[in-house]
file run11.txt (compact mmCIF, C-alpha atoms and all ligand atoms)
# COMPACT_ATOMS: atom_id res chain seq x y z
CA MET A 1 115.18 48.81 58.26
CA LYS A 2 114.78 45.34 56.86
CA ASN A 3 113.59 42.73 59.32
CA THR A 4 115.89 39.75 58.86
CA LYS A 5 114.67 37.73 61.83
CA PRO A 6 114.11 34.12 60.81
CA LYS A 7 110.63 32.79 61.37
CA SER A 8 110.44 29.72 63.53
CA LYS A 9 107.53 27.84 64.97
CA VAL A 10 109.71 26.29 67.66
CA ALA A 11 110.31 28.48 70.68
CA PRO A 12 113.89 28.49 71.94
CA ALA A 13 114.40 26.38 75.05
CA GLY A 14 113.59 28.33 78.19
CA ALA A 15 111.92 31.14 76.31
CA ALA A 16 109.00 32.77 78.07
CA LYS A 17 105.62 32.52 76.40
CA ARG A 18 105.19 35.57 74.19
CA ARG A 19 101.95 37.24 73.33
CA VAL A 20 101.19 37.00 69.63
CA SER A 21 100.89 40.56 68.50
CA ARG A 22 97.73 41.34 66.61
CA PRO A 23 97.66 43.81 63.74
CA ARG A 24 97.03 47.28 65.04
CA SER A 25 94.59 49.85 63.81
CA ALA A 26 95.98 51.67 60.82
CA TYR A 27 94.64 54.96 62.20
CA SER A 28 95.91 57.44 64.72
CA LYS A 29 93.73 58.48 67.66
CA ASP A 30 92.93 61.75 65.93
CA GLU A 31 91.92 59.99 62.72
CA ILE A 32 89.64 57.60 64.60
CA ARG A 33 88.04 60.50 66.44
CA GLU A 34 87.50 62.26 63.10
CA ILE A 35 85.90 59.14 61.57
CA PHE A 36 83.35 58.93 64.38
CA ARG A 37 82.82 62.69 64.47
CA ARG A 38 81.73 62.50 60.83
CA PHE A 39 79.47 59.52 61.48
CA SER A 40 77.90 61.49 64.34
CA ILE A 41 77.14 64.42 62.04
CA GLN A 42 75.81 62.17 59.30
CA ARG A 43 73.53 60.23 61.67
CA PRO A 44 73.11 62.09 64.97
CA GLU A 45 70.61 59.56 66.37
CA PRO A 46 71.28 56.24 64.67
CA LYS A 47 68.66 53.59 65.30
CA GLY A 48 68.60 49.85 64.88
CA GLU A 49 66.16 48.68 62.26
CA LEU A 50 64.68 45.68 64.09
CA GLU A 51 61.15 46.45 65.26
CA HIS A 52 60.33 45.67 68.89
CA VAL A 53 58.09 46.98 71.64
CA ASN A 54 59.99 45.98 74.79
CA PRO A 55 63.21 44.18 75.84
CA PHE A 56 61.58 40.76 75.41
CA THR A 57 60.49 41.35 71.83
CA LEU A 58 63.95 42.80 71.12
CA VAL A 59 65.62 39.59 72.34
CA VAL A 60 63.29 37.54 70.15
CA ALA A 61 63.78 39.79 67.11
CA VAL A 62 67.58 39.71 67.40
CA ALA A 63 67.59 35.94 67.89
CA LEU A 64 65.44 35.58 64.76
CA SER A 65 67.68 37.87 62.73
CA ALA A 66 70.60 35.42 62.48
CA GLN A 67 71.18 34.82 58.77
CA ALA A 68 68.11 36.88 57.90
CA THR A 69 67.52 40.52 56.97
CA ASP A 70 66.00 42.97 59.45
CA ALA A 71 63.25 43.74 56.92
CA GLY A 72 62.38 40.04 56.64
CA VAL A 73 62.30 39.64 60.42
CA ASN A 74 60.13 42.75 60.87
CA LYS A 75 57.61 41.45 58.36
CA ALA A 76 57.15 38.28 60.39
CA THR A 77 57.35 39.72 63.90
CA ARG A 78 54.78 42.51 63.42
CA ALA A 79 51.96 39.97 63.56
CA LEU A 80 53.72 37.75 66.12
CA PHE A 81 54.36 40.56 68.61
CA ALA A 82 50.79 41.81 68.23
CA VAL A 83 49.62 38.59 69.89
CA ALA A 84 52.67 37.70 72.02
CA ASP A 85 54.80 40.49 73.49
CA THR A 86 55.72 38.74 76.77
CA PRO A 87 57.32 35.37 77.51
CA GLU A 88 54.08 34.18 79.12
CA LYS A 89 52.04 34.98 76.01
CA MET A 90 54.68 33.36 73.80
CA LEU A 91 54.45 30.15 75.84
CA ALA A 92 50.65 30.25 75.65
CA LEU A 93 50.90 30.60 71.87
CA GLY A 94 53.04 27.46 71.62
CA GLU A 95 55.79 26.32 69.29
CA ASP A 96 53.56 25.30 66.36
CA ARG A 97 51.89 28.70 66.09
CA VAL A 98 55.16 30.57 66.61
CA ARG A 99 56.58 28.53 63.74
CA ASP A 100 53.67 29.56 61.52
CA TYR A 101 54.28 33.25 62.23
CA ILE A 102 57.98 33.07 61.41
CA LYS A 103 58.00 30.56 58.57
CA THR A 104 59.23 33.17 56.09
CA ILE A 105 62.51 33.48 58.05
CA GLY A 106 65.45 31.15 57.42
CA LEU A 107 65.98 28.33 59.95
CA PHE A 108 62.47 28.99 61.28
CA ARG A 109 61.97 25.54 62.81
CA ASN A 110 64.99 25.82 65.05
CA LYS A 111 64.30 29.46 65.79
CA ALA A 112 60.70 28.70 66.88
CA LYS A 113 62.08 26.08 69.27
CA ASN A 114 64.52 28.63 70.69
CA VAL A 115 61.84 31.32 71.09
CA ILE A 116 59.76 28.94 73.19
CA ALA A 117 62.78 27.69 75.13
CA LEU A 118 64.04 31.20 75.90
CA SER A 119 60.53 32.27 76.94
CA ARG A 120 60.39 29.26 79.27
CA LYS A 121 63.76 30.13 80.80
CA LEU A 122 62.77 33.78 81.28
CA VAL A 123 59.65 32.72 83.14
CA ASP A 124 61.33 29.98 85.19
CA ASP A 125 64.63 31.69 86.06
CA PHE A 126 64.15 35.44 85.65
CA GLY A 127 60.57 36.14 86.73
CA GLY A 128 59.55 36.86 83.13
CA GLU A 129 62.00 39.79 82.87
CA VAL A 130 64.92 40.09 80.45
CA PRO A 131 68.15 40.07 82.51
CA ARG A 132 70.49 43.04 82.30
CA SER A 133 73.86 41.31 82.29
CA ARG A 134 75.68 39.63 79.41
CA GLU A 135 76.48 36.60 81.56
CA GLU A 136 72.78 35.98 82.20
CA LEU A 137 71.62 36.86 78.70
CA VAL A 138 73.85 34.26 77.06
CA THR A 139 72.24 31.54 79.18
CA LEU A 140 69.05 32.01 77.13
CA PRO A 141 68.62 29.50 74.30
CA GLY A 142 69.55 31.01 70.93
CA VAL A 143 71.24 34.02 72.53
CA GLY A 144 74.97 34.41 71.92
CA ARG A 145 77.35 37.22 72.72
CA LYS A 146 76.32 39.27 69.69
CA THR A 147 72.61 39.12 70.53
CA ALA A 148 73.37 39.90 74.17
CA ASN A 149 75.39 42.96 73.16
CA VAL A 150 72.57 44.26 70.95
CA VAL A 151 70.08 43.84 73.80
CA LEU A 152 72.38 45.51 76.35
CA SER A 153 72.81 48.45 74.01
CA MET A 154 69.32 48.92 72.60
CA ALA A 155 67.22 47.87 75.59
CA PHE A 156 69.41 48.97 78.49
CA GLY A 157 71.56 51.78 77.11
CA GLN A 158 74.94 50.13 77.69
CA ALA A 159 77.83 50.90 75.35
CA THR A 160 78.61 47.63 73.59
CA ILE A 161 79.73 46.59 70.14
CA ALA A 162 77.83 43.65 68.66
CA VAL A 163 80.05 42.50 65.82
CA ASP A 164 77.84 41.43 62.94
CA THR A 165 78.87 40.71 59.38
CA HIS A 166 79.00 44.44 58.47
CA ILE A 167 81.11 45.50 61.44
CA PHE A 168 83.47 42.55 61.01
CA ARG A 169 83.96 43.44 57.33
CA ILE A 170 84.52 47.16 57.89
CA ALA A 171 86.88 46.71 60.84
CA ASN A 172 89.07 44.48 58.67
CA ARG A 173 88.57 46.13 55.28
CA ILE A 174 89.52 49.61 56.37
CA CYS A 175 91.99 48.28 58.97
CA LEU A 176 90.24 50.12 61.78
CA ALA A 177 90.34 47.16 64.15
CA PRO A 178 91.58 44.09 62.31
CA GLY A 179 90.84 40.73 63.87
CA LYS A 180 90.35 37.13 62.88
CA THR A 181 87.25 36.55 64.97
CA PRO A 182 84.25 38.72 65.96
CA ASP A 183 85.46 38.63 69.58
CA GLU A 184 88.88 39.96 68.56
CA VAL A 185 87.30 42.74 66.50
CA GLU A 186 84.95 43.60 69.36
CA ALA A 187 87.81 43.84 71.86
CA ARG A 188 89.87 46.04 69.56
CA LEU A 189 86.98 48.33 68.66
CA MET A 190 86.23 48.78 72.35
CA GLN A 191 89.87 49.85 72.74
CA VAL A 192 90.14 52.27 69.86
CA ILE A 193 86.74 54.01 69.69
CA PRO A 194 86.68 57.18 71.81
CA ASP A 195 84.43 56.76 74.87
CA ASP A 196 82.11 59.58 73.90
CA TYR A 197 81.33 57.90 70.57
CA LEU A 198 81.14 54.34 71.85
CA TYR A 199 77.42 54.17 72.54
CA HIS A 200 76.34 54.88 68.95
CA ALA A 201 79.38 53.34 67.24
CA HIS A 202 77.68 49.98 66.82
CA HIS A 203 74.82 51.44 64.77
CA TRP A 204 77.03 53.85 62.84
CA LEU A 205 79.24 51.00 61.67
CA ILE A 206 76.33 48.71 60.79
CA LEU A 207 74.54 51.41 58.81
CA HIS A 208 77.77 52.45 57.11
CA GLY A 209 78.34 48.82 56.09
CA ARG A 210 74.76 48.24 55.01
CA TYR A 211 74.35 51.36 52.88
CA VAL A 212 77.82 52.60 51.85
CA CYS A 213 80.76 50.30 52.57
CA LYS A 214 78.91 47.34 51.07
CA ALA A 215 80.33 43.85 50.88
CA ARG A 216 80.61 43.45 47.12
CA LYS A 217 81.26 47.00 46.02
CA PRO A 218 81.88 49.77 48.52
CA GLU A 219 80.38 53.07 47.36
CA CYS A 220 83.49 55.09 48.14
CA GLU A 221 82.51 58.08 46.01
CA ARG A 222 79.71 58.91 48.47
CA CYS A 223 81.52 57.90 51.65
CA VAL A 224 81.96 60.56 54.34
CA ILE A 225 85.31 59.14 55.47
CA ALA A 226 86.78 58.49 52.02
CA ASP A 227 89.65 60.94 52.50
CA ILE A 228 90.66 59.24 55.76
CA CYS A 229 89.99 55.64 54.72
CA LYS A 230 93.06 53.45 54.16
CA ALA A 231 91.28 50.42 52.73
CA PRO A 232 93.43 48.81 50.03
CA GLU A 233 90.27 48.30 47.98
CA LYS A 234 89.04 51.91 48.14
CA THR A 235 87.56 52.63 44.73
CA CYS A 236 87.64 56.41 44.50
CA ASP A 237 90.67 58.56 44.04
CA ILE A 238 90.40 60.71 47.16
CA PRO A 239 93.87 60.12 48.53
CA ALA A 240 94.28 58.59 51.95
CA PRO A 241 96.94 60.05 54.27
CA LEU A 242 100.36 58.59 53.59
CA VAL A 243 100.70 56.07 56.36
CA GLU A 244 102.08 52.66 55.69
CA LEU A 245 99.80 49.78 56.62
CA PRO A 246 101.19 46.90 58.68
CA PRO A 247 101.36 43.81 56.43
CA GLN A 248 99.07 41.87 58.79
CA ALA A 249 96.42 44.55 58.47
CA ILE A 250 96.53 44.27 54.68
CA ALA A 251 96.35 40.48 54.92
CA ALA A 252 93.41 40.71 57.32
CA ALA A 253 91.58 43.00 54.94
CA GLN A 254 91.87 40.62 52.01
S1 LIG B 301 86.15 54.89 51.29
FE1 LIG B 301 85.19 53.02 50.50
S2 LIG B 301 86.26 51.33 51.49
FE2 LIG B 301 86.66 53.21 52.69
S3 LIG B 301 85.08 53.23 54.27
FE3 LIG B 301 84.34 54.44 52.57
S4 LIG B 301 83.13 53.02 51.35
FE4 LIG B 301 84.42 51.77 52.71
call {"tool": "encode", "arguments": {"input": "run11.txt", "output": "structure tokens"}}
result
Amino acid sequence: MKNTKPKSKVAPAGAAKRRVSRPRSAYSKDEIREIFRRFSIQRPEPKGELEHVNPFTLVVAVALSAQATDAGVNKATRALFAVADTPEKMLALGEDRVRDYIKTIGLFRNKAKNVIALSRKLVDDFGGEVPRSREELVTLPGVGRKTANVVLSMAFGQATIAVDTHIFRIANRICLAPGKTPDEVEARLMQVIPDDYLYHAHHWLILHGRYVCKARKPECERCVIADICKAPEKTCDIPAPLVELPPQAIAAAQ
């Protein structure tokens, strides 16, 4: 039935505040379960690609990886972590030498400052240990919600979704969990991903985005979920199930 409701930005007098409805996932529960079942067969034990030797070096590696590739970060941190794998050793090394180790990484000056500042805070406020809660992690300089979620997942085994550029793109492109901001996408993914797949979902989605559902040209012909995928820009002719997409989901994917 045609929706003839006029659009108005002005709420009628006395109207209660309404929640703005967000576009919903274009997939049924069964389809979402099937998507993650296939990812789980394709990569039974998905691993992050940032090299680290303990929770501290993981925090540093993730903080350094903003706007940089994992391979580029690994190249720099191998030598750095060989001499400084604790906050105390990082402080002893000092900002100038940290900067030398990481100078091949973008924004290295600022990042070296943050590595020293977060090491200082770990020593002063957390007894040199990496805290295990998101609230505490985000108090560390250079650590935002995304970094905290990666650390909680990879270092402490908590099921979190750290929405990076790949996950944000896939969630919107295939209309799995459309959202305008990483926080919105994170909240929706946490809602729609079945609990038993949640722990690995973060890595499955990142690896799928990095190697198959790429930003410029998704490689749909070798995608394990091509027959389920409802992305408007799917490039192969495996038909998707006939389910109409909500217009907001299409808009979000463009
Ligand atoms: S079919 Fe294409 S667009 Fe859909 S998830 Fe796979 S690679 Fe991405």
call {"tool": "residues_around", "arguments": {"input": "run11.txt", "residues": "A:Leu205", "least_positions_apart": "4", "cutoff": "8 Å", "atoms": "only C-alpha atoms", "output": "list of chain:residue names"}}
result
A:His166, A:Ile167, A:Ile170, A:Ala201, A:Gly209
call {"tool": "axis_aligned_box", "arguments": {"input": "run11.txt", "around": "ligand LIG 301 (chain B)", "padding_each_side": "8 Å", "output": "AutoDock Vina command-line options"}}
result
--center_x 84.9 --center_y 53.1 --center_z 52.4 --size_x 19.5 --size_y 19.6 --size_z 19.8
call {"tool": "residues_around", "arguments": {"input": "run11.txt", "residues": "A:Leu118", "least_positions_apart": "5", "cutoff": "12 Å", "atoms": "all atoms listed in the file", "output": "PyMOL selection string"}}
result
chain A and resi 56-57+59-60+63+86-88+90-91+95+111-113+123-126+128-131+136-143
call {"tool": "closest_atom_pairs", "arguments": {"input": "run11.txt", "of": "chain A", "to": "ligand LIG 301 (chain B)", "cutoff": "12 Å", "atoms": "all atoms listed in the file", "output": "JSON lines"}}
result
{"residue": "A:Ile35", "atom": "CA", "partner": "B:LIG301", "partner_atom": "S3", "distance": 9.4}
{"residue": "A:Phe36", "atom": "CA", "partner": "B:LIG301", "partner_atom": "S3", "distance": 11.7}
{"residue": "A:Arg38", "atom": "CA", "partner": "B:LIG301", "partner_atom": "FE3", "distance": 11.8}
{"residue": "A:Phe39", "atom": "CA", "partner": "B:LIG301", "partner_atom": "S3", "distance": 11.1}
{"residue": "A:His166", "atom": "CA", "partner": "B:LIG301", "partner_atom": "FE4", "distance": 10.8}
{"residue": "A:Ile167", "atom": "CA", "partner": "B:LIG301", "partner_atom": "FE4", "distance": 11.2}
{"residue": "A:Arg169", "atom": "CA", "partner": "B:LIG301", "partner_atom": "FE4", "distance": 9.5}
{"residue": "A:Ile170", "atom": "CA", "partner": "B:LIG301", "partner_atom": "FE4", "distance": 6.9}
{"residue": "A:Ala171", "atom": "CA", "partner": "B:LIG301", "partner_atom": "S3", "distance": 9.4}
{"residue": "A:Asn172", "atom": "CA", "partner": "B:LIG301", "partner_atom": "S2", "distance": 10.3}
{"residue": "A:Arg173", "atom": "CA", "partner": "B:LIG301", "partner_atom": "S2", "distance": 6.8}
{"residue": "A:Ile174", "atom": "CA", "partner": "B:LIG301", "partner_atom": "FE2", "distance": 5.9}
{"residue": "A:Cys175", "atom": "CA", "partner": "B:LIG301", "partner_atom": "FE2", "distance": 9.6}
{"residue": "A:Leu176", "atom": "CA", "partner": "B:LIG301", "partner_atom": "S3", "distance": 9.6}
{"residue": "A:Trp204", "atom": "CA", "partner": "B:LIG301", "partner_atom": "S3", "distance": 11.8}
{"residue": "A:Leu205", "atom": "CA", "partner": "B:LIG301", "partner_atom": "S3", "distance": 9.7}
{"residue": "A:Ile206", "atom": "CA", "partner": "B:LIG301", "partner_atom": "S3", "distance": 11.8}
{"residue": "A:Leu207", "atom": "CA", "partner": "B:LIG301", "partner_atom": "S4", "distance": 11.5}
{"residue": "A:His208", "atom": "CA", "partner": "B:LIG301", "partner_atom": "S3", "distance": 7.9}
{"residue": "A:Gly209", "atom": "CA", "partner": "B:LIG301", "partner_atom": "FE4", "distance": 7.6}
{"residue": "A:Arg210", "atom": "CA", "partner": "B:LIG301", "partner_atom": "S4", "distance": 10.3}
{"residue": "A:Tyr211", "atom": "CA", "partner": "B:LIG301", "partner_atom": "S4", "distance": 9.1}
{"residue": "A:Val212", "atom": "CA", "partner": "B:LIG301", "partner_atom": "S4", "distance": 5.4}
{"residue": "A:Cys213", "atom": "CA", "partner": "B:LIG301", "partner_atom": "S4", "distance": 3.8}
{"residue": "A:Lys214", "atom": "CA", "partner": "B:LIG301", "partner_atom": "S4", "distance": 7.1}
{"residue": "A:Ala215", "atom": "CA", "partner": "B:LIG301", "partner_atom": "FE4", "distance": 9.1}
{"residue": "A:Arg216", "atom": "CA", "partner": "B:LIG301", "partner_atom": "S2", "distance": 10.6}
{"residue": "A:Lys217", "atom": "CA", "partner": "B:LIG301", "partner_atom": "S4", "distance": 8.3}
{"residue": "A:Pro218", "atom": "CA", "partner": "B:LIG301", "partner_atom": "S4", "distance": 4.5}
{"residue": "A:Glu219", "atom": "CA", "partner": "B:LIG301", "partner_atom": "S4", "distance": 4.8}
{"residue": "A:Cys220", "atom": "CA", "partner": "B:LIG301", "partner_atom": "FE1", "distance": 3.6}
{"residue": "A:Glu221", "atom": "CA", "partner": "B:LIG301", "partner_atom": "S1", "distance": 7.2}
{"residue": "A:Arg222", "atom": "CA", "partner": "B:LIG301", "partner_atom": "S4", "distance": 7.4}
{"residue": "A:Cys223", "atom": "CA", "partner": "B:LIG301", "partner_atom": "FE3", "distance": 4.6}
{"residue": "A:Val224", "atom": "CA", "partner": "B:LIG301", "partner_atom": "FE3", "distance": 6.8}
{"residue": "A:Ile225", "atom": "CA", "partner": "B:LIG301", "partner_atom": "FE3", "distance": 5.6}
{"residue": "A:Ala226", "atom": "CA", "partner": "B:LIG301", "partner_atom": "S1", "distance": 3.7}
{"residue": "A:Asp227", "atom": "CA", "partner": "B:LIG301", "partner_atom": "S1", "distance": 7.1}
{"residue": "A:Ile228", "atom": "CA", "partner": "B:LIG301", "partner_atom": "S1", "distance": 7.7}
{"residue": "A:Cys229", "atom": "CA", "partner": "B:LIG301", "partner_atom": "FE2", "distance": 4.6}
{"residue": "A:Lys230", "atom": "CA", "partner": "B:LIG301", "partner_atom": "FE2", "distance": 6.6}
{"residue": "A:Ala231", "atom": "CA", "partner": "B:LIG301", "partner_atom": "S2", "distance": 5.3}
{"residue": "A:Pro232", "atom": "CA", "partner": "B:LIG301", "partner_atom": "S2", "distance": 7.7}
{"residue": "A:Glu233", "atom": "CA", "partner": "B:LIG301", "partner_atom": "S2", "distance": 6.1}
{"residue": "A:Lys234", "atom": "CA", "partner": "B:LIG301", "partner_atom": "S2", "distance": 4.4}
{"residue": "A:Thr235", "atom": "CA", "partner": "B:LIG301", "partner_atom": "FE1", "distance": 6.2}
{"residue": "A:Cys236", "atom": "CA", "partner": "B:LIG301", "partner_atom": "S1", "distance": 7.1}
{"residue": "A:Asp237", "atom": "CA", "partner": "B:LIG301", "partner_atom": "S1", "distance": 9.3}
{"residue": "A:Ile238", "atom": "CA", "partner": "B:LIG301", "partner_atom": "S1", "distance": 8.3}
{"residue": "A:Pro239", "atom": "CA", "partner": "B:LIG301", "partner_atom": "S1", "distance": 9.7}
{"residue": "A:Ala240", "atom": "CA", "partner": "B:LIG301", "partner_atom": "S1", "distance": 9.0}
{"residue": "A:Ala253", "atom": "CA", "partner": "B:LIG301", "partner_atom": "S2", "distance": 10.5}
call {"tool": "closest_residue", "arguments": {"input": "run11.txt", "among": "A:Ile193, A:Val73, A:Val163, A:Ile105", "to": "A:Leu58", "atoms": "only C-alpha atoms"}}
result
A:Val73
call {"tool": "residues_near_point", "arguments": {"input": "run11.txt", "point": "(81.6, 44.0, 68.6)", "cutoff": "12 Å", "atoms": "all atoms listed in the file", "output": "PyMOL selection string"}}
result
chain A and resi 145-150+153+159-171+177-179+181-193+198-199+201-203+205-206
call {"tool": "atom_distance", "arguments": {"input": "run11.txt", "atom1": "atom CA of A:Asp85", "atom2": "atom CA of A:Tyr101"}}
result
13.4 Å
call {"tool": "atom_distance", "arguments": {"input": "run11.txt", "atom1": "atom CA of A:Asn74", "atom2": "atom CA of A:Arg43"}}
result
22.0 Å
call {"tool": "closest_residue", "arguments": {"input": "run11.txt", "among": "A:Asp96, A:Met154, A:Asp195, A:Thr77", "to": "A:Pro46", "atoms": "all atoms listed in the file"}}
result
A:Met154
call {"tool": "atom_distance", "arguments": {"input": "run11.txt", "atom1": "atom CA of A:Lys103", "atom2": "atom CA of A:Leu50"}}
result
17.4 Å
call {"tool": "closest_residue", "arguments": {"input": "run11.txt", "among": "A:Arg24, A:His52, A:Arg37, A:Arg120", "to": "A:Val151", "atoms": "all atoms listed in the file"}}
result
A:His52
